[in-house]
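**Student:** You'll find protein-v8.txt just under this line, and it carries compact mmCIF, C-alpha atoms.
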# COMPACT_ATOMS: atom_id res chain seq x y z
CA MET A 290 -18.56 -6.51 28.40
CA LYS A 291 -21.62 -6.09 26.16
CA ILE A 292 -20.85 -4.99 22.60
CA VAL A 293 -23.18 -4.04 19.74
CA HIS A 294 -21.55 -4.56 16.34
CA ILE A 295 -23.39 -2.79 13.48
CA ALA A 296 -22.13 -3.78 10.02
CA PRO A 297 -23.29 -3.19 6.42
CA PHE A 298 -22.50 -6.75 5.29
CA SER A 299 -23.57 -10.21 6.31
CA PRO A 300 -20.50 -12.31 7.09
CA PHE A 301 -22.23 -15.28 5.48
CA PRO A 302 -21.03 -16.41 2.99
CA THR A 303 -17.53 -15.11 3.67
CA HIS A 304 -16.41 -14.86 0.05
CA PHE A 305 -15.64 -11.19 -0.64
CA GLY A 306 -13.62 -8.50 1.09
CA GLY A 307 -16.40 -6.68 2.95
CA ALA A 308 -17.87 -9.88 4.35
CA MET A 309 -14.42 -11.15 5.32
CA ARG A 310 -13.58 -7.97 7.23
CA THR A 311 -16.98 -8.02 8.93
CA GLU A 312 -16.62 -11.64 10.00
CA ALA A 313 -13.07 -11.12 11.27
CA LEU A 314 -14.04 -8.11 13.40
CA TRP A 315 -17.12 -9.94 14.72
CA ARG A 316 -14.91 -12.81 15.87
CA ALA A 317 -12.37 -10.43 17.39
CA LEU A 318 -15.08 -8.57 19.31
CA ALA A 319 -16.52 -11.88 20.52
CA SER A 320 -13.14 -12.62 22.10
CA ALA A 321 -13.65 -9.53 24.28
CA GLY A 322 -17.28 -9.88 25.36
CA LYS A 323 -20.88 -10.69 24.48
CA VAL A 324 -21.74 -9.36 21.02
CA GLN A 325 -25.11 -8.39 19.56
CA PHE A 326 -24.55 -8.38 15.80
CA VAL A 327 -26.62 -6.09 13.56
CA VAL A 328 -26.67 -6.24 9.74
CA LEU A 329 -27.82 -2.91 8.33
CA GLY A 330 -28.21 -2.46 4.57
CA ASP A 331 -27.29 -5.89 3.20
CA LYS A 332 -29.86 -8.34 1.80
CA PRO A 333 -28.57 -11.75 2.90
CA SER A 334 -29.59 -14.93 1.12
CA LEU A 335 -32.08 -17.29 2.72
CA GLU A 336 -29.30 -19.55 3.97
CA ALA A 337 -27.36 -16.56 5.31
CA ARG A 338 -30.46 -15.32 7.14
CA ARG A 339 -30.83 -18.74 8.77
CA GLN A 340 -27.22 -18.57 9.96
CA LEU A 341 -27.68 -15.02 11.22
CA ARG A 342 -30.86 -15.93 13.12
CA ALA A 343 -29.01 -18.85 14.72
CA GLU A 344 -26.43 -16.32 15.96
CA GLY A 345 -29.17 -14.03 17.31
CA ALA A 346 -28.36 -11.26 14.82
CA TRP A 347 -30.74 -8.46 13.89
CA VAL A 348 -31.11 -7.80 10.14
CA TYR A 349 -32.33 -4.53 8.59
CA PRO A 350 -32.09 -4.78 4.77
CA SER A 351 -32.10 -1.86 2.35
CA ARG A 352 -35.28 -1.08 0.50
CA ARG A 353 -35.86 -2.05 -3.12
CA GLU A 354 -35.66 0.76 -5.63
CA THR A 355 -35.70 1.32 -9.39
CA LYS A 356 -32.94 3.23 -11.19
CA ARG A 357 -35.19 6.30 -11.21
CA GLN A 358 -35.86 6.00 -7.48
CA ARG A 359 -32.14 5.56 -6.84
CA PHE A 360 -31.34 8.71 -8.83
CA ILE A 361 -33.95 10.74 -6.96
CA ARG A 362 -32.75 9.38 -3.61
CA CYS A 363 -29.13 10.28 -4.39
CA VAL A 364 -30.02 13.80 -5.54
CA ARG A 365 -32.17 14.46 -2.47
CA ALA A 366 -29.51 13.12 -0.11
CA GLY A 367 -26.80 15.17 -1.80
CA LEU A 368 -28.80 18.41 -1.70
CA ALA A 369 -29.64 17.81 1.97
CA ARG A 370 -25.94 17.05 2.70
CA ARG A 371 -26.88 13.62 3.99
CA CYS A 372 -24.81 10.50 3.31
CA ILE A 373 -25.74 9.45 -0.25
CA PRO A 374 -24.96 5.68 0.00
CA ALA A 375 -26.59 5.28 3.43
CA ALA A 376 -29.85 6.95 2.34
CA ARG A 377 -30.96 3.65 0.78
CA TYR A 378 -31.21 1.87 4.11
CA LEU A 379 -31.35 4.67 6.69
CA ASN A 380 -34.05 7.23 7.36
CA PRO A 381 -34.87 9.15 10.58
CA LYS A 382 -37.62 6.69 11.57
CA ARG A 383 -35.38 3.63 11.21
CA ILE A 384 -32.51 5.36 13.00
CA ASP A 385 -34.73 6.19 15.97
CA LYS A 386 -36.15 2.64 16.16
CA LEU A 387 -32.71 1.05 15.91
CA ALA A 388 -31.23 3.39 18.52
CA GLU A 389 -34.07 2.62 20.92
CA LYS A 390 -33.63 -1.14 20.45
CA ILE A 391 -29.87 -0.95 20.93
CA GLN A 392 -30.13 1.21 24.03
CA GLY A 393 -32.66 -1.23 25.44
CA TRP A 394 -30.09 -4.02 25.12
CA GLY A 395 -27.78 -2.03 27.40
CA PRO A 396 -24.38 -2.16 25.67
CA ASP A 397 -21.10 -0.92 27.08
CA VAL A 398 -19.63 -0.38 23.60
CA ILE A 399 -21.18 0.17 20.16
CA VAL A 400 -18.97 -0.51 17.14
CA VAL A 401 -20.23 1.20 13.98
CA ASP A 402 -18.46 -0.89 11.36
CA ASP A 403 -18.51 1.30 8.25
CA THR A 404 -17.83 4.90 7.25
CA TYR A 405 -21.32 5.41 5.85
CA LEU A 406 -22.96 4.04 9.01
CA SER A 407 -21.24 6.73 11.07
CA VAL A 408 -24.37 8.85 10.49
CA LEU A 409 -25.88 6.71 13.27
CA ILE A 410 -23.46 7.98 15.90
CA PRO A 411 -25.44 11.03 17.14
CA ALA A 412 -28.52 8.86 17.80
CA LEU A 413 -26.44 6.20 19.58
CA MET A 414 -24.52 8.51 21.89
CA SER A 415 -25.17 8.06 25.61
CA PRO A 416 -23.24 8.92 28.80
CA ASN A 417 -22.89 5.22 29.63
CA VAL A 418 -21.89 3.94 26.19
CA CYS A 419 -18.59 4.18 24.30
CA ILE A 420 -18.75 4.55 20.51
CA VAL A 421 -16.19 3.12 18.09
CA ALA A 422 -16.18 4.05 14.40
CA HIS A 423 -14.49 1.31 12.37
CA CYS A 424 -13.47 2.12 8.78
CA HIS A 425 -13.08 -0.70 6.25
CA ASN A 426 -11.74 2.00 3.93
CA VAL A 427 -11.25 5.73 4.14
CA GLU A 428 -14.10 6.12 1.67
CA SER A 429 -13.42 9.73 0.68
CA GLN A 430 -9.91 8.69 -0.38
CA VAL A 431 -11.29 5.80 -2.45
CA HIS A 432 -13.76 8.04 -4.31
CA ARG A 433 -11.06 10.66 -4.91
CA ARG A 434 -8.75 8.05 -6.42
CA VAL A 435 -11.47 6.55 -8.60
CA ALA A 436 -12.45 10.03 -9.83
CA ALA A 437 -8.81 10.63 -10.77
CA HIS A 438 -8.38 7.36 -12.70
CA ASN A 439 -11.79 6.63 -14.21
CA ARG A 440 -11.70 7.58 -17.90
CA ALA A 441 -15.48 7.72 -18.22
CA LEU A 442 -16.76 11.27 -17.72
CA MET A 443 -19.85 10.14 -15.80
CA GLY A 444 -17.74 7.86 -13.61
CA ARG A 445 -15.41 10.72 -12.73
CA LEU A 446 -18.32 13.05 -12.01
CA VAL A 447 -20.20 10.55 -9.81
CA ASN A 448 -17.12 9.71 -7.78
CA TYR A 449 -16.18 13.37 -7.35
CA VAL A 450 -19.66 14.05 -5.96
CA LEU A 451 -19.34 11.01 -3.68
CA TYR A 452 -15.87 12.17 -2.60
CA ARG A 453 -17.19 15.56 -1.49
CA ASN A 454 -20.26 14.00 0.15
CA THR A 455 -18.30 11.30 1.98
CA LEU A 456 -15.59 13.72 3.11
CA GLY A 457 -18.33 15.75 4.78
CA VAL A 458 -19.77 12.62 6.44
CA GLU A 459 -16.36 11.57 7.78
CA ARG A 460 -15.63 15.01 9.19
CA ARG A 461 -19.12 15.57 10.59
CA TYR A 462 -19.71 12.27 12.36
CA GLN A 463 -16.51 10.32 13.01
CA HIS A 464 -15.08 12.94 15.37
CA LEU A 465 -18.03 12.15 17.68
CA ALA A 466 -16.72 8.62 18.26
CA ASP A 467 -14.61 7.81 21.33
CA GLN A 468 -12.22 5.87 19.11
CA VAL A 469 -11.78 5.51 15.34
CA TRP A 470 -10.36 2.21 14.09
CA THR A 471 -8.76 1.78 10.67
CA VAL A 472 -7.39 -1.32 8.93
CA SER A 473 -3.87 0.07 8.49
CA GLU A 474 -1.53 2.71 9.83
CA ASP A 475 -1.62 4.37 6.38
CA ASP A 476 -5.37 4.92 6.75
CA ALA A 477 -4.96 6.02 10.38
CA ASP A 478 -2.43 8.64 9.33
CA TYR A 479 -4.82 9.93 6.64
CA CYS A 480 -7.60 10.24 9.22
CA ARG A 481 -5.36 12.20 11.57
CA ARG A 482 -3.95 14.54 8.94
CA ARG A 483 -6.75 14.98 6.39
CA LEU A 484 -9.82 14.54 8.59
CA ARG A 485 -8.30 15.98 11.79
CA LEU A 486 -9.61 13.03 13.81
CA LYS A 487 -8.25 12.15 17.23
CA SER A 488 -7.99 8.78 19.00
CA VAL A 489 -7.38 6.94 15.72
CA PHE A 490 -5.89 3.44 15.96
CA ALA A 491 -4.94 0.79 13.43
CA ILE A 492 -6.27 -2.75 13.72
CA PRO A 493 -4.66 -4.97 11.07
CA CYS A 494 -6.83 -7.09 8.80
CA CYS A 495 -6.16 -10.71 9.69
CA LEU A 496 -7.06 -14.18 8.42
CA ASP A 497 -7.79 -17.50 10.03
CA LEU A 498 -4.77 -19.34 8.67
CA ASP A 499 -6.40 -22.71 9.31
CA ARG A 500 -8.56 -21.91 6.26
CA TYR A 501 -5.57 -21.42 3.96
CA GLN A 502 -3.09 -24.10 2.98
CA ALA A 503 -0.02 -23.55 0.84
CA THR A 504 0.44 -26.29 -1.79
CA ASP A 505 2.74 -26.93 -4.74
CA GLU A 506 -0.15 -28.07 -6.97
CA GLN A 507 -0.19 -25.20 -9.45
CA GLU A 508 -1.56 -25.04 -12.96
CA ALA A 509 1.24 -24.17 -15.36
CA GLY A 510 0.86 -20.60 -16.57
CA ALA A 511 -2.19 -19.82 -14.42
CA ILE A 512 -2.62 -16.11 -13.59
CA VAL A 513 -5.41 -15.33 -11.11
CA TYR A 514 -7.25 -12.20 -10.01
CA THR A 515 -10.13 -12.28 -7.52
CA GLY A 516 -12.67 -9.60 -6.68
CA PHE A 517 -16.18 -8.17 -6.83
CA PHE A 518 -16.21 -6.68 -10.32
CA GLY A 519 -19.13 -4.35 -9.70
CA TYR A 520 -16.54 -2.28 -7.81
CA TRP A 521 -14.81 -0.04 -10.38
CA PRO A 522 -11.19 -0.57 -9.21
CA ASN A 523 -11.64 -4.35 -9.68
CA GLU A 524 -13.29 -3.92 -13.08
CA ASP A 525 -10.45 -1.64 -14.18
CA ALA A 526 -7.84 -4.13 -12.94
CA ALA A 527 -9.59 -6.93 -14.85
CA VAL A 528 -9.60 -4.95 -18.09
CA ARG A 529 -5.90 -4.21 -17.62
CA LEU A 530 -5.21 -7.94 -17.17
CA ILE A 531 -7.21 -8.85 -20.28
CA ALA A 532 -5.04 -6.43 -22.28
CA LEU A 533 -1.96 -7.98 -20.64
CA SER A 534 -3.17 -11.43 -21.67
CA ARG A 535 -3.33 -10.30 -25.29
CA GLN A 536 0.22 -8.99 -24.95
CA LEU A 537 1.52 -12.22 -23.41
CA ARG A 538 -0.10 -14.23 -26.20
CA ALA A 539 1.50 -12.00 -28.83
CA GLU A 540 4.88 -12.52 -27.11
CA GLY A 541 4.39 -16.29 -27.11
CA THR A 542 4.09 -16.69 -23.31
CA PRO A 543 1.82 -19.68 -22.51
CA HIS A 544 -0.69 -18.73 -19.79
CA ARG A 545 -4.30 -18.85 -18.65
CA LEU A 546 -5.90 -15.81 -16.98
CA TYR A 547 -8.68 -16.46 -14.45
CA LEU A 548 -10.87 -13.50 -13.43
CA VAL A 549 -12.71 -14.87 -10.41
CA GLY A 550 -15.64 -13.16 -8.73
CA ARG A 551 -19.21 -11.98 -8.90
CA ASP A 552 -20.81 -9.40 -11.18
CA PRO A 553 -18.40 -9.31 -14.15
CA THR A 554 -19.31 -6.19 -16.10
CA ASP A 555 -20.27 -5.71 -19.75
CA ARG A 556 -17.01 -3.82 -20.24
CA MET A 557 -15.04 -6.81 -18.95
CA LEU A 558 -16.94 -9.33 -21.04
CA ALA A 559 -16.57 -7.22 -24.17
CA ALA A 560 -12.81 -6.90 -23.58
CA ALA A 561 -12.50 -10.67 -23.03
CA ALA A 562 -14.54 -11.64 -26.11
CA GLY A 563 -12.39 -13.72 -28.44
CA VAL A 564 -9.41 -13.82 -26.04
CA LYS A 565 -8.82 -17.57 -25.77
CA ASP A 566 -6.53 -17.36 -22.75
CA VAL A 567 -9.06 -15.55 -20.50
CA CYS A 568 -11.62 -17.28 -18.26
CA VAL A 569 -14.24 -15.10 -16.56
CA THR A 570 -15.75 -17.38 -13.91
CA GLY A 571 -18.51 -15.25 -12.43
CA GLU A 572 -19.47 -15.86 -8.80
CA VAL A 573 -17.87 -18.89 -7.16
CA PRO A 574 -18.57 -20.36 -3.72
CA ASP A 575 -14.90 -20.24 -2.74
CA VAL A 576 -11.91 -18.47 -4.32
CA ARG A 577 -9.34 -20.70 -2.62
CA PRO A 578 -9.33 -23.45 -5.28
CA TYR A 579 -8.44 -20.80 -7.87
CA LEU A 580 -5.72 -19.33 -5.67
CA ALA A 581 -4.39 -22.86 -5.17
CA LYS A 582 -3.95 -23.33 -8.91
CA ALA A 583 -2.32 -19.91 -9.44
CA ALA A 584 1.27 -19.77 -10.58
CA VAL A 585 1.02 -15.98 -10.22
CA VAL A 586 -1.59 -13.77 -8.56
CA ALA A 587 -1.68 -10.44 -10.40
CA VAL A 588 -3.19 -7.32 -8.77
CA PRO A 589 -2.80 -4.25 -11.03
CA LEU A 590 -5.01 -1.93 -8.96
CA ALA A 591 -4.84 1.76 -9.87
CA ALA A 592 -7.35 2.87 -7.22
CA GLY A 593 -8.89 1.61 -4.00
CA GLY A 594 -8.32 1.85 -0.28
CA GLY A 595 -7.71 -0.05 2.92
CA THR A 596 -5.96 -3.40 2.97
CA LYS A 597 -6.52 -5.62 -0.05
CA LEU A 598 -7.65 -8.96 1.33
CA LYS A 599 -7.18 -10.54 -2.10
CA VAL A 600 -3.44 -9.94 -1.64
CA LEU A 601 -3.48 -11.18 1.95
CA GLU A 602 -5.33 -14.36 0.92
CA ALA A 603 -2.84 -15.04 -1.88
CA MET A 604 0.03 -14.56 0.57
CA ALA A 605 -1.62 -16.97 3.04
CA MET A 606 -1.84 -19.54 0.22
CA GLY A 607 1.90 -19.14 -0.45
CA ARG A 608 1.44 -17.71 -3.92
CA ALA A 609 3.81 -15.52 -5.92
CA ILE A 610 2.21 -12.08 -6.27
CA VAL A 611 2.75 -9.20 -8.67
CA THR A 612 0.93 -6.15 -7.33
CA SER A 613 0.80 -2.41 -7.78
CA PRO A 614 1.68 -0.10 -4.87
CA ILE A 615 -2.08 0.42 -4.30
CA GLY A 616 -2.52 -3.36 -4.04
CA ALA A 617 0.24 -3.58 -1.42
CA GLU A 618 -1.04 -0.58 0.54
CA GLY A 619 -1.56 -1.22 4.24
CA LEU A 620 0.83 -4.19 4.20
CA ASP A 621 4.38 -3.66 5.41
CA ILE A 622 5.84 -6.03 2.82
CA VAL A 623 9.05 -5.73 0.82
CA SER A 624 9.16 -5.82 -2.96
CA GLY A 625 11.26 -8.70 -4.23
CA VAL A 626 10.94 -10.52 -0.91
CA HIS A 627 7.23 -11.01 -0.20
CA ALA A 628 5.85 -9.91 -3.60
CA GLU A 629 6.85 -7.99 -6.70
CA ILE A 630 5.48 -4.45 -6.23
CA LEU A 631 5.48 -2.58 -9.53
CA PRO A 632 3.46 -0.09 -11.58
CA PRO A 633 0.86 -1.92 -13.72
CA SER A 634 2.79 -0.86 -16.84
CA GLU A 635 5.65 -3.18 -15.77
CA PHE A 636 3.53 -6.26 -15.04
CA SER A 637 4.13 -8.07 -18.34
CA GLU A 638 7.87 -8.52 -17.86
CA ALA A 639 7.53 -9.45 -14.17
CA ILE A 640 4.80 -12.03 -14.78
CA THR A 641 6.66 -13.58 -17.70
CA ARG A 642 9.79 -13.87 -15.57
CA LEU A 643 7.88 -15.52 -12.71
CA LEU A 644 6.07 -17.96 -14.99
CA ARG A 645 9.47 -19.13 -16.24
CA ASP A 646 11.28 -19.13 -12.87
CA GLY A 647 9.78 -21.69 -10.50
CA SER A 648 12.42 -21.19 -7.81
CA HIS A 649 11.70 -17.45 -7.55
CA ARG A 650 7.95 -18.15 -7.43
CA ARG A 651 8.46 -20.58 -4.55
CA ALA A 652 10.73 -18.14 -2.67
CA LEU A 653 8.18 -15.32 -2.93
CA GLY A 654 5.33 -17.60 -1.90
CA GLU A 655 7.17 -19.04 1.11
CA ALA A 656 8.19 -15.59 2.36
CA ALA A 657 4.64 -14.29 1.88
CA ARG A 658 3.13 -17.16 3.85
CA GLN A 659 5.66 -16.70 6.68
CA TRP A 660 4.88 -12.96 6.84
CA VAL A 661 1.15 -13.65 7.25
CA GLN A 662 1.86 -16.24 9.95
CA GLN A 663 3.91 -13.69 11.90
CA HIS A 664 1.79 -10.56 11.39
CA ARG A 665 -1.75 -11.35 10.22
CA ASP A 666 -3.01 -14.51 11.89
CA MET A 667 -6.36 -14.00 13.66
CA PRO A 668 -4.97 -13.91 17.25
CA VAL A 669 -3.09 -10.70 16.31
CA MET A 670 -6.36 -8.93 15.57
CA GLN A 671 -8.09 -10.35 18.63
CA ARG A 672 -5.33 -9.13 20.96
CA ARG A 673 -5.42 -5.66 19.44
CA VAL A 674 -9.22 -5.38 19.75
CA ARG A 675 -9.16 -6.51 23.37
CA GLU A 676 -6.40 -4.00 24.15
CA LEU A 677 -8.28 -1.08 22.58
CA LEU A 678 -11.60 -1.96 24.23
CA ALA A 679 -10.00 -2.41 27.65
CA ASN A 680 -8.30 0.95 27.40
CA LEU A 681 -11.46 2.59 26.08
CA LEU A 682 -13.53 1.47 29.03
CA SER A 683 -10.79 2.31 31.52
CA GLY A 684 -10.23 5.74 30.02
CA ASP A 685 -6.56 5.08 29.25
CA ARG A 686 -5.04 5.92 25.89
CA PRO A 687 -3.38 2.98 24.08
CA ALA A 688 -0.26 3.28 22.01
CA ILE A 689 -1.01 4.65 18.55
CA ALA A 690 1.40 2.51 16.59
CA SER A 691 0.72 -0.79 18.38
CA GLY A 692 -0.60 -3.48 16.09
CA SER A 693 0.12 -1.67 12.83
CA GLY A 694 2.10 -3.09 9.96
Let's see the structure in the file written out as structure tokens.
**Tutor:**
Amino acid sequence: MKIVHIAPFSPFPTHFGGAMRTEALWRALASAGKVQFVVLGDKPSLEARRQLRAEGAWVYPSRRETKRQRFIRCVRAGLARRCIPAARYLNPKRIDKLAEKIQGWGPDVIVVDDTYLSVLIPALMSPNVCIVAHCHNVESQVHRRVAAHNRALMGRLVNYVLYRNTLGVERRYQHLADQVWTVSEDDADYCRRRLRLKSVFAIPCCLDLDRYQATDEQEAGAIVYTGFFGYWPNEDAAVRLIALSRQLRAEGTPHRLYLVGRDPTDRMLAAAAGVKDVCVTGEVPDVRPYLAKAAVVAVPLAAGGGTKLKVLEAMAMGRAIVTSPIGAEGLDIVSGVHAEILPPSEFSEAITRLLRDGSHRRALGEAARQWVQQHRDMPVMQRRVRELLANLLSGDRPAIASGSG
């Protein structure tokens, strides 16, 4: 089987959610056949480009643009009812060239690994090729949630525009695919009900558990949150945790809050100024050392979509987790057994209790690790991908619920 995998992110380095999902799907597809990997939109580092070239990947970066050019591009794309985010790296000329090159390679299956990239589907369609649209998130749902929770007027307005634009893209293009893959059954159900899509199947996000080791070497009082903070839901969660740190300090609870990830925002840094118990690390080569030191991993997300790999990583490391329902979305885990699942307003009491109760922390961490071993180790994803591809090429319809959870 020959498979073209088109993704918006380089999987190298694999140190944020989008890259992790891309790398995991790439590996799962490679278990089913020969894969031609295509990076479309990302600007990989020099070292990442070397790794991609060694794998035979094709790389098509987005063009450089000023803030003024970006504004003009977004307005033009919106008025023309084209996909606003994809307009930075896709134009008719590039689409035609890419489609010609892909068709010349002669694939059996093309996996379009992003909602925004689904605008490619009409140009890629062929009687001899099956098309799969894979959704890291249901992007219209993410923008709708951010618009509802963002207190900044401009933030709400921008995300409402993106919600309407992306909803149109999802409805217009994804129904052309032979199959639509989502990362959870929750997202699959949304696609069936809200977008009226057919042949939608869940493929669970999985981890290579050999990369994650559970240890008892924790830093007393360490609270950890990981993420790309240029993404508003992560910035908002970080600001919530900084306020929580102030509250814990006022209550006399010893702790140290680590906000780990690239692109911390001015809003975050201003909120953290003068808060002695907060450490904003910036970009790190690997989040696992910080997860290893965590007594508690706190995820007070109010918006977002898909499966939160930050939660899955913390579970794989055997860490006690306090998360919001949004943070636990897409994971069939039980509050009080695998994690504490609470509204962000109730985090202070739960975190204080866990910091003081080592036995409960250990019980949550052990149960979380066992759940990942049973449900989200990489072979689970590989089996599901092979099943869906085999049934796609044979014309059979696989079971909808298989592989969800």
**Student:** So that I can check the surroundings of stretch 622-639 of chain A, please list as a count of residues only every protein, DNA and RNA residue that reaches within 8 Å of it, counting only C-alpha atoms and ignoring chain neighbours fewer than 3 positions away.
**Tutor:** 21
**Student:** Just the residues within 7 Å of A:Phe490, please, counting only C-alpha atoms, with nothing from its chain fewer than 4 positions along; format it as an mmCIF file with C-alpha atoms, in the coordinates of the input.
**Tutor:**
data_model
loop_
_atom_site.group_PDB
_atom_site.id
_atom_site.type_symbol
_atom_site.label_atom_id
_atom_site.label_comp_id
_atom_site.auth_asym_id
_atom_site.auth_seq_id
_atom_site.Cartn_x
_atom_site.Cartn_y
_atom_site.Cartn_z
ATOM 1 C CA VAL A 469 -11.780 5.510 15.340
ATOM 2 C CA TRP A 470 -10.360 2.210 14.090
ATOM 3 C CA THR A 471 -8.760 1.780 10.670
ATOM 4 C CA ALA A 477 -4.960 6.020 10.380
ATOM 5 C CA ILE A 689 -1.010 4.650 18.550
#
**Student:** Leaving out stretch 333-348 of chain A and any residue of its chain fewer than 5 positions from it, which residues lie within 8 Å of it when counting all atoms listed in the file, given as an NGL selection string?
**Tutor:** :A and (299 or 301-302 or 325-328)
**Student:** In Å, with one decimal, what is the gap from atom CA of A:Ala376 to atom CA of A:Arg357?
**Tutor:**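 Distance reported for this atom pair: 14.6 Å.
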**Student:** Show me, as a list in words, the residues that have an atom within 12 Å of A:Gln392 when counting all atoms listed in the file, minus same-chain residues fewer than 3 positions from it.
**Tutor:** Lys291, Ile292, Val293, Gln325, Asp385, Lys386, Leu387, Ala388, Glu389, Gly395, Pro396, Asp397, Val398, Ile399, Ala412, Leu413, Met414, Ser415, Pro416, Asn417, Val418 and Cys419 of chain A
**Student:** What's the separation between atom CA of A:Lys565 and atom CA of A:Val513, in Å to one decimal place?
**Tutor:** 15.2 Å
**Student:** Distance atom CA of A:Ala511-atom CA of A:Asp666, one decimal place?
**Tutor:** 26.9 Å
**Student:** Please identify all polymer residues within 12 Å of stretch 307-310 of chain A, counting only C-alpha atoms, omitting same-chain residues fewer than 4 positions from it, and present them as a PyMOL selection string.
**Tutor:** chain A and resi 296-303+314-317+328+331+333+337+402-403+423-426+471-472+492-497+516-517+520+595-599+601-602+667+670
**Student:** For A:Arg352, which residue out of A:Phe305, A:Tyr449, A:Trp394, A:Tyr378 is the nearest one, using only C-alpha atoms?
**Tutor:** A:Tyr378
**Student:** Compare A:Thr554, A:Thr404, A:Gln358, A:Thr570 by their minimum atom-to-atom distance to A:Asp525, counting only C-alpha atoms, and give me the closest one.
**Tutor:**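 Going through A:Thr554, A:Thr404, A:Gln358, A:Thr570 one by one, the smallest distance to A:Asp525 is for A:Thr554.
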